[in-house]
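**Student:** This structure is in structure tokens; I'll ask about it shortly.
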Amino acid sequence: MIEFHEVSKRYDGGNEALAGLSFTAERGEMLFVTGPSGAGKSTLLKLLALIERPSRGQIIVNGRNLGGLRRRQIPHYRRQVGVIFQDHKLLLERSVFDNVALPLVIGGVPRNEIPRRVGAALELVGLLHKERALPIQLSTGEQQRVGIARAVISRPPILIADEPTGNLDPELSYEVMRLFQRLNQVGITVLVASHDHNLIRRLGQRFISLRAGRLVPPELAGGAYAGT
Amino acid sequence: MIEFHEVSKRYDGGNEALAGLSFTAERGEMLFVTGPSGAGKSTLLKLLALIERPSRGQIIVNGRNLGGLRRRQIPHYRRQVGVIFQDHKLLLERSVFDNVALPLVIGGVPRNEIPRRVGAALELVGLLHKERALPIQLSTGEQQRVGIARAVISRPPILIADEPTGNLDPELSYEVMRLFQRLNQVGITVLVASHDHNLIRRLGQRFISLRAGRLVPPELAGGAYAGT
Amino acid sequence: MPARDSGAQVSRRTLGQRFSAYLAHHRQTLFDGLQQLGRQPLATFMTVAVIGIALALPAGALVLVNNARGLSAGWQGTARISLFLKNGLSDGTVQQLADSVRAHSGVAAVQVISAEQALVDFQRRSGFNDTLSLLGSNPLPAVLVVQPTAAYTAPAAAQQLAQSFGALPQVDQVRMDVQWLKRLQAILALLHRGVLIVAVLLAIAVVLIVGNTIRLEIENRRAEIEVSKLLGATDRFVRRPFLYHGAWYGLAGGVLAWILVLIGLALMGGPVDQLVGLYGSHFSLSGLGASGVLGLLAGGIVLGWLGSWLAVARHLRAIEPT
Amino acid sequence: MPARDSGAQVSRRTLGQRFSAYLAHHRQTLFDGLQQLGRQPLATFMTVAVIGIALALPAGALVLVNNARGLSAGWQGTARISLFLKNGLSDGTVQQLADSVRAHSGVAAVQVISAEQALVDFQRRSGFNDTLSLLGSNPLPAVLVVQPTAAYTAPAAAQQLAQSFGALPQVDQVRMDVQWLKRLQAILALLHRGVLIVAVLLAIAVVLIVGNTIRLEIENRRAEIEVSKLLGATDRFVRRPFLYHGAWYGLAGGVLAWILVLIGLALMGGPVDQLVGLYGSHFSLSGLGASGVLGLLAGGIVLGWLGSWLAVARHLRAIEPT
Ligand SMILES: Nc1ncnc2c1ncn2[C@@H]1O[C@H](COP(=O)(O)OP(=O)(O)OP(=O)(O)O)[C@@H](O)[C@H]1O
Ligand SMILES: Nc1ncnc2c1ncn2[C@@H]1O[C@H](COP(=O)(O)OP(=O)(O)OP(=O)(O)O)[C@@H](O)[C@H]1O
Ligand SMILES: [Mg+2]
Ligand SMILES: [Mg+2]
């Protein structure tokens, strides 16, 4: 479903955030990406969401080379990928309801269908009672969960999440990860960047580990975790 | 140094974020605040930074009742409290250097002193090489560390940090906490909100635990952590 | 991802359903724009006021120029041609001549001043009562005062008309009062030039103001645009609310401009009446008229829409997260 | 926290050090403002252009009104008073009378038209050559053409002057050409009223435009204001950059307005020359003058500063995180 072939990303500033990265995530797989701060996890996800373009290498999603997409095709591609951003990216002047409904509005879903689906998505993250609140009236963890509801509401075939539990307590983090597992079980391909080694170990999912933009061999990565 | 007496905070929306909270942090103490998402941790710190006012109860900082501060006195009070925000609150159009220097500029520190002190603060968080970068050119963890450098640069007698390691990997988190411990050892009173029970346990610091705006007795809180 | 149950959701919808959702979004955006203006009444008023003022000035200037045209048409009376006839013509011959002059296509009216009447006038105006009564005969000739039609009021045309009458055998001398006409036309040319400069400046100003407002609004809503694009919104989807917003601004500015022009006309009424009174002509200021009002409102909407378009086009790409 | 080593840092600094840091911040803010304008040249130009246009129009109108005053002073020649003297006065008596009239404080100049000259004029103008030569004696009187000083040009004052001359024993009749003067003054009153309306509207517009721009800028820099306040910045510290910013906008707008007025004057030159030529007076358009330019620039700065102040005052509290 997702293939990275020797992908490098050098930012204008001169940083090589990714250096010749190759990996594959199968259709319907759930894959974690770990690594220290600045390792390139967010960069990897940004390339997938077409927020950035690779400097070198190729990214194939669902058999399609992202480098070959024309500008006009990008919106449609993006609707196929649900993204949970590390900084939430909620609209501060819109209610929780409106934020979660946005992908449906953009996708042209009939209006009468929207409330039911938004309700279901908020239910999933336990925030149905905050439907009318504005994002600033929420705690950071609640904001993060609204972001999760928004990413899953249009049931995209691919879900990518950048540190979705950074502001959640361990119990809630576990629940959110279980939610991702359930979505994964109905066939959605899930890619999650996370620092939470304990949690990843507990879930028993496959993970890849980055350091300074390169893949760390699993043996070494595993060793590093044992120490924390 | 910091005393909460029966402090309640009810937001306009109708949420009671804090409900009759009382606790004390001694001068020179380092205290953690834990609790699940939405428990009221950020609200507690916001009351201390005078970002919000309590609905009921009194907050005494360094022998001074915050309720008695007049509008004109607030800026001076704020300069005595270094705050690390959960959402960084960096200025996106200013370089890392300018962001970290801001408290010094506001405090009227002579210009020729500024570069040396900014350098020292960035060194502390390992980001001296990113001095010229803009915040968006940093990874989230790097942004969080810039926020830490900004909070400590003016050497305030009180330091409060809201989830300062939410986006950091375990190793870096530990280093940051060790930095707080060092600052604490030179006499700064430190208050940290965090979910990271493992880390808190490892550091062996005192902590209080919130749930729905109330203090959880230490025995119960300890039990809850054991399960994760 | 054709066969997958969850992903095909969006594209599986029928065309009809999608089109009605599209229309619903249009409708909602239209009224959202209005609501948004209402949410910050002071800020909205400030922007609308600036646009209104900028629209009112060229509209007002247009009204004034139109009125000045009407006024100068009312002043045609000044462009008289006086035909001094030869001495000693009988009253009948004079009347006959007057009729033939009146038949000329360039002539609107002819007034006959007989020799006797001329003498009385001259005595009254010069005060030479005694002197002239010493004269045995009336030394003054009869005069035909010719009023050219509108088409012959311009100095050149009037001159030509005068020449043709000067060639008549009964006519001794021709005099024409073109001085005042030249002055008036010079003043009007001056005003016209001034109004043109002002109108050009203000048309630029309107586009700039709307563009500027929308530009800053885009900056303000940068996050919204960015997030929408990240969630797969097309450029058109993102652009739509701004265009409606600009159009609303323009419409509101147009309405305000209309009101300002009405107030301005009311204030100008006094001095105009005074001026017109001096010329004894029948004239009252005319307003924008129905087509003018419609034009003003439509112009406001179009300029607002245009300003938004320019601002959005320039900034949509800049915000592009890619 | 008086005794603590780390916290007392800020307050322990000497007053002199703090003051020089304060001045340095002022200086830096001033040039930061300029730099910021330079960083977004197009956006800055749009705002400056709008302010410039809004300032140029009242400034240009002022120049025109001033020129109109000068022009109408040049047209004083039209406000002549003709004194028709009694018949049979000797040339010496006429000259004596002319001297005494000339001595009046309200009189700028006196032209003597002797009876002989009057006859020649009359013959030339009326074409009654033959008729008048039949008369044995000259029936026409000598005329004194009196040019009042500027102070006596107004219709009422000129009328009064005419009456006092009419009382002289040698004067038979007094005639005054006030019609044209009344017309001119009515036109000027009209223009004046129009210019006033425009000027008031545009002064409002300038404050609104600057206020609006700064308001939107504040919205844009909301995060910066909020963060600064959270880090202990005083209101004055936060306000300062906006005030400098507004002042820079105003100054730049003033400079642009100056240029626009110069261009406008150049464009108006042609029609004005034509108009002036018709009256045979010596007159050329005068510009803003040094004090006018200074006033325009200072006005721009003050209005820009004022607009910023209003916008900042209104919004600083709203952004207050408390
Ligand atoms: N400005 C606000 N207006 C209304 N309700 C608010 C506001 N800020 C917070 N709340 C509510 O108060 C409660 C406590 O919020 P707070 O931010 O203190 O939680 P927290 O412990 O920091 O959670 P997290 O770990 O998710 O950051 C939440 O239920 C939240 O929805
Ligand atoms: N827009 C940018 N311009 C320049 N450099 C960038 C940009 N974005 C990221 N970087 C740099 O690229 C490197 C990788 O960043 P990235 O955000 O991918 O890290 P990350 O693994 O997500 O870290 P974290 O866990 O802290 O979020 C960092 O060194 C960062 O400074
Ligand atoms: Mg990241
Ligand atoms: Mg919080």
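To be explicit about the labels: the chains of the structure tokens are called A, B, and onward in the order shown, and within each one the residues are counted from 1, while ligands get numbers from 1 in the order they are shown.
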When the cut-off is 6 Å and you count only C-alpha atoms and all ligand atoms, which residues lie near ligand 3, shown as number ranges by chain?

**Tutor:** A: 41-42; B: 139-140

**Student:** Can you write just those residues out, N, CA and C atoms, as a compact mmCIF listing (two decimals), in the first residue's frame?

**Tutor:**
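File result_17.txt, as written:
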# COMPACT_ATOMS: atom_id res chain seq x y z
N LYS A 41 10.51 11.66 11.72
CA LYS A 41 9.21 10.99 11.71
C LYS A 41 8.14 11.88 11.06
N SER A 42 8.07 13.13 11.53
CA SER A 42 7.04 14.01 10.97
C SER A 42 7.29 14.26 9.49
N SER B 139 11.47 20.37 14.35
CA SER B 139 10.54 19.30 14.70
C SER B 139 9.81 19.72 15.97
N THR B 140 8.70 19.06 16.24
CA THR B 140 7.89 19.47 17.39
C THR B 140 8.68 19.39 18.69

**Student:** Select all residues from chain A having any atom no more than 6 Å from an atom of chain B (counting only C-alpha atoms, ignoring ligands), output as number ranges by chain.

**Tutor:** A: 36-38, 139, 141, 166-169, 195

**Student:** Figure out the distance between CA of Ile81 (chain D) and CA of Gln147 (chain D), please, to one decimal in Å.

**Tutor:**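 Interatomic distance, CA of Gln147 (chain D) to CA of Ile81 (chain D): 6.6 Å.
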
**Student:** What lies within 8 Å of region 41-50 of chain D using only C-alpha atoms, ignoring chain neighbours under 2 positions off, as a VMD selection string?

**Tutor:** (chain C and resid 205 208 to 209 212) or (chain D and resid 37 to 39 52 to 54 209 213 249 to 250 252 to 253 256)

**Student:** List as a list in words the protein and nucleic acid residues near Val81 (chain B), meaning an atom at most 6 Å away when only C-alpha atoms are counted, but skip any in the same chain fewer than 4 places from it.

**Tutor:**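 Here the qualifying residues turn out to be Pro156, Ile158 and Leu159 of chain B.
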
**Student:** Print the selection's residues with N, CA and C atoms to a file, as a short mmCIF file (atom, residue, chain, number, x, y, z; two decimals), in the first residue's frame.

**Tutor:**
data_model
loop_
_atom_site.label_atom_id
_atom_site.label_comp_id
_atom_site.auth_asym_id
_atom_site.auth_seq_id
_atom_site.Cartn_x
_atom_site.Cartn_y
_atom_site.Cartn_z
N PRO B 156 13.90 32.94 36.28
CA PRO B 156 12.81 33.35 37.17
C PRO B 156 12.83 32.50 38.44
N ILE B 158 10.37 31.19 39.88
CA ILE B 158 9.39 30.10 39.77
C ILE B 158 9.35 29.64 38.32
N LEU B 159 9.33 28.34 38.12
CA LEU B 159 9.24 27.80 36.77
C LEU B 159 8.04 26.86 36.73
#

**Student:** Quick one: residues within 12 Å of Leu179 (chain A), only C-alpha atoms counted, chain neighbours fewer than 3 positions away excluded, as a PyMOL selection string?

**Tutor:** chain A and resi 30+121+123-126+145+148-149+152+159+164+172-176+182-186+188+190+203

**Student:** May I have the residues within 7 Å of Ala19 (chain B) as a PyMOL selection string, using only C-alpha atoms and disregarding those fewer than 5 positions away in the same chain?

**Tutor:** chain B and resi 7-9+213-214

**Student:** Could you turn the residues from that selection into a file that holds C-alpha atoms, as a short mmCIF file (atom, residue, chain, number, x, y, z; two decimals), in the first residue's frame?

**Tutor:**
data_model
loop_
_atom_site.label_atom_id
_atom_site.label_comp_id
_atom_site.auth_asym_id
_atom_site.auth_seq_id
_atom_site.Cartn_x
_atom_site.Cartn_y
_atom_site.Cartn_z
CA VAL B 7 -9.45 27.11 44.53
CA SER B 8 -12.28 26.51 42.05
CA LYS B 9 -12.40 27.44 38.41
CA GLY B 213 -10.56 19.05 39.17
CA ARG B 214 -10.07 17.39 42.58
#

**Student:** What's around Phe242 (chain D) at 9 Å? Count only C-alpha atoms, leave out sequence neighbours fewer than 6 positions away in its own chain, and write the answer as a list in words.

**Tutor:**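 So, after excluding close chain neighbours, the residues are Gly33, Ile214, Glu217, Ile218, Trp305, Ser308, Trp309 and Val312 of chain D.
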
**Student:** Could you jot down the CA of His315 (chain C) to CA of Glu226 (chain D) separation for me, Å, one decimal place?

**Tutor:**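 Going from CA of His315 (chain C) over to CA of Glu226 (chain D), I get 25.4 Å.
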
**Student:** Distance limit 7 Å, atoms considered: only C-alpha atoms. Which chain B residues sit that close to chain D? Return them as a VMD selection string.

**Tutor:** chain B and resid 50 to 53 62 75 to 76 78 to 80 89 91 103 106 to 111 155 to 157

**Student:** With only C-alpha atoms as the basis for distance, which of D:Ile51, D:Ile301, D:Ala290, D:Ile113 is at the shortest distance from chain C?

**Tutor:**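 The shortest atom-to-atom distance to chain C comes from D:Ile51.
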
**Student:** One decimal, in Å: what's the spacing between atom 26 (O, counted along the ligand's line) of ligand 1 and CA of Leu21 (chain B)?

**Tutor:** 18.2 Å

**Student:** Taking only C-alpha atoms into account, name the residue in C:Arg239, C:Arg80, C:Arg314, C:His245 that is nearest to chain D.

**Tutor:**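 Of all the options, C:Arg314 lies closest to chain D.
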
**Student:** Which of region 50-143 of chain B counts as helix (DSSP H, G or I) under DSSP, as a CSV table (one decimal) with N, CA and C atoms, in the first residue's frame please?

**Tutor:**
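Output (result-v1.csv):
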chain,number,residue,atom,x,y,z
B,66,LEU,N,-2.6,36.5,44.7
B,66,LEU,CA,-2.7,36.9,43.3
B,66,LEU,C,-4.0,37.7,43.0
B,67,GLY,N,-5.1,37.4,43.8
B,67,GLY,CA,-6.3,38.1,43.6
B,67,GLY,C,-6.2,39.6,43.9
B,68,GLY,N,-5.1,40.0,44.6
B,68,GLY,CA,-5.0,41.4,45.0
B,68,GLY,C,-4.1,42.2,44.0
B,71,ARG,N,-4.1,45.4,37.6
B,71,ARG,CA,-3.7,45.1,36.2
B,71,ARG,C,-2.3,45.6,35.9
B,72,ARG,N,-1.9,46.7,36.4
B,72,ARG,CA,-0.6,47.2,36.1
B,72,ARG,C,0.5,46.4,36.7
B,73,GLN,N,0.2,45.6,37.7
B,73,GLN,CA,1.3,44.8,38.4
B,73,GLN,C,1.5,43.5,37.7
B,74,ILE,N,0.5,43.1,36.9
B,74,ILE,CA,0.6,41.8,36.3
B,74,ILE,C,1.8,41.5,35.5
B,75,PRO,N,2.2,42.5,34.6
B,75,PRO,CA,3.5,42.2,33.8
B,75,PRO,C,4.7,41.9,34.7
B,76,HIS,N,4.8,42.7,35.7
B,76,HIS,CA,6.0,42.5,36.6
B,76,HIS,C,5.9,41.1,37.3
B,77,TYR,N,4.7,40.7,37.7
B,77,TYR,CA,4.5,39.4,38.3
B,77,TYR,C,4.9,38.3,37.3
B,78,ARG,N,4.5,38.5,36.1
B,78,ARG,CA,4.7,37.4,35.1
B,78,ARG,C,6.2,37.2,34.8
B,79,ARG,N,6.9,38.3,34.9
B,79,ARG,CA,8.4,38.2,34.7
B,79,ARG,C,9.0,37.3,35.7
B,96,VAL,N,14.6,31.4,16.2
B,96,VAL,CA,14.8,30.8,17.5
B,96,VAL,C,15.5,31.7,18.4
B,97,PHE,N,16.5,32.4,17.9
B,97,PHE,CA,17.2,33.3,18.7
B,97,PHE,C,16.3,34.4,19.3
B,98,ASP,N,15.5,35.0,18.4
B,98,ASP,CA,14.6,36.1,18.8
B,98,ASP,C,13.6,35.6,19.8
B,99,ASN,N,13.1,34.4,19.6
B,99,ASN,CA,12.1,33.9,20.5
B,99,ASN,C,12.7,33.7,21.9
B,100,VAL,N,13.9,33.2,21.9
B,100,VAL,CA,14.5,32.9,23.3
B,100,VAL,C,14.8,34.2,23.9
B,101,ALA,N,15.2,35.2,23.1
B,101,ALA,CA,15.7,36.5,23.6
B,101,ALA,C,14.5,37.4,24.1
B,102,LEU,N,13.3,37.0,23.7
B,102,LEU,CA,12.1,37.9,24.0
B,102,LEU,C,12.0,38.3,25.5
B,103,PRO,N,12.0,37.3,26.4
B,103,PRO,CA,11.9,37.7,27.8
B,103,PRO,C,12.9,38.8,28.2
B,104,LEU,N,14.1,38.7,27.7
B,104,LEU,CA,15.2,39.6,28.0
B,104,LEU,C,14.9,41.0,27.4
B,105,VAL,N,14.4,41.0,26.2
B,105,VAL,CA,14.0,42.3,25.6
B,105,VAL,C,12.9,42.9,26.4
B,106,ILE,N,11.9,42.1,26.8
B,106,ILE,CA,10.8,42.7,27.5
B,106,ILE,C,11.3,43.2,28.9
B,111,ARG,N,21.3,45.3,25.5
B,111,ARG,CA,21.4,44.5,24.2
B,111,ARG,C,22.7,43.7,24.2
B,112,ASN,N,23.7,44.2,24.6
B,112,ASN,CA,25.0,43.5,24.5
B,112,ASN,C,25.1,42.2,25.4
B,113,GLU,N,24.2,42.2,26.4
B,113,GLU,CA,24.2,41.0,27.2
B,113,GLU,C,23.4,39.8,26.6
B,114,ILE,N,22.5,40.2,25.6
B,114,ILE,CA,21.5,39.2,25.2
B,114,ILE,C,22.1,38.0,24.4
B,115,PRO,N,23.0,38.2,23.4
B,115,PRO,CA,23.5,37.1,22.7
B,115,PRO,C,24.1,36.0,23.6
B,116,ARG,N,24.9,36.4,24.5
B,116,ARG,CA,25.6,35.5,25.4
B,116,ARG,C,24.6,34.6,26.2
B,117,ARG,N,23.6,35.3,26.7
B,117,ARG,CA,22.6,34.5,27.5
B,117,ARG,C,21.7,33.7,26.7
B,118,VAL,N,21.4,34.1,25.5
B,118,VAL,CA,20.6,33.3,24.6
B,118,VAL,C,21.4,32.0,24.2
B,119,GLY,N,22.6,32.2,23.9
B,119,GLY,CA,23.5,31.1,23.6
B,119,GLY,C,23.5,30.1,24.7
B,120,ALA,N,23.7,30.6,25.9
B,120,ALA,CA,23.8,29.7,27.0
B,120,ALA,C,22.5,28.9,27.2
B,121,ALA,N,21.3,29.6,27.0
B,121,ALA,CA,20.0,28.9,27.2
B,121,ALA,C,19.8,27.8,26.1
B,122,LEU,N,20.2,28.2,24.9
B,122,LEU,CA,20.0,27.2,23.8
B,122,LEU,C,20.9,26.0,24.0
B,123,GLU,N,22.1,26.3,24.5
B,123,GLU,CA,23.1,25.2,24.8
B,123,GLU,C,22.5,24.2,25.7
B,124,LEU,N,21.8,24.7,26.8
B,124,LEU,CA,21.2,23.9,27.8
B,124,LEU,C,20.2,22.8,27.2
B,128,LEU,N,21.8,24.9,20.1
B,128,LEU,CA,22.5,26.1,19.7
B,128,LEU,C,22.7,26.2,18.2
B,129,HIS,N,22.8,25.0,17.5
B,129,HIS,CA,22.9,25.0,16.1
B,129,HIS,C,21.7,25.4,15.3
B,130,LYS,N,20.6,25.5,16.0
B,130,LYS,CA,19.3,25.9,15.3
B,130,LYS,C,19.0,27.4,15.6
B,135,PRO,N,10.8,28.7,13.8
B,135,PRO,CA,10.1,27.6,14.5
B,135,PRO,C,9.5,26.5,13.6
B,136,ILE,N,8.9,26.9,12.5
B,136,ILE,CA,8.3,25.9,11.6
B,136,ILE,C,9.4,25.0,11.0
B,137,GLN,N,10.7,25.4,11.1
B,137,GLN,CA,11.7,24.6,10.5
B,137,GLN,C,12.2,23.6,11.5
B,140,THR,N,8.7,19.1,16.2
B,140,THR,CA,7.9,19.5,17.4
B,140,THR,C,8.7,19.4,18.7
B,141,GLY,N,9.5,18.4,18.8
B,141,GLY,CA,10.3,18.2,20.0
B,141,GLY,C,11.3,19.4,20.1
B,142,GLU,N,11.8,19.8,19.0
B,142,GLU,CA,12.8,20.9,19.0
B,142,GLU,C,12.1,22.2,19.5
B,143,GLN,N,10.8,22.4,19.0
B,143,GLN,CA,10.1,23.5,19.4
B,143,GLN,C,9.8,23.5,20.9

**Student:** Have a look at C:Val94, C:Leu34, C:Ala56, C:Leu288 and name the one nearest to chain D; count only C-alpha atoms.

**Tutor:** C:Ala56

**Student:** Select, from A:Thr189, A:Ser22, A:Gln144, A:Ser209, the residue with the minimum atom-to-atom distance to ligand 1, counting only C-alpha atoms and all ligand atoms.

**Tutor:**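 The closest residue to ligand 1 is A:Gln144.
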
**Student:** Pick out each residue of region 158-266 of chain D that DSSP on the backbone tags as strand (DSSP E); I need them as a ChimeraX atom specification.

**Tutor:** /D:171-176

**Student:** Smallest atom-to-atom distance to chain D: which of C:Ile204, C:Leu296, C:Val255, C:Met176, using only C-alpha atoms?

**Tutor:**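 That would be C:Ile204, the residue with the smallest distance to chain D.
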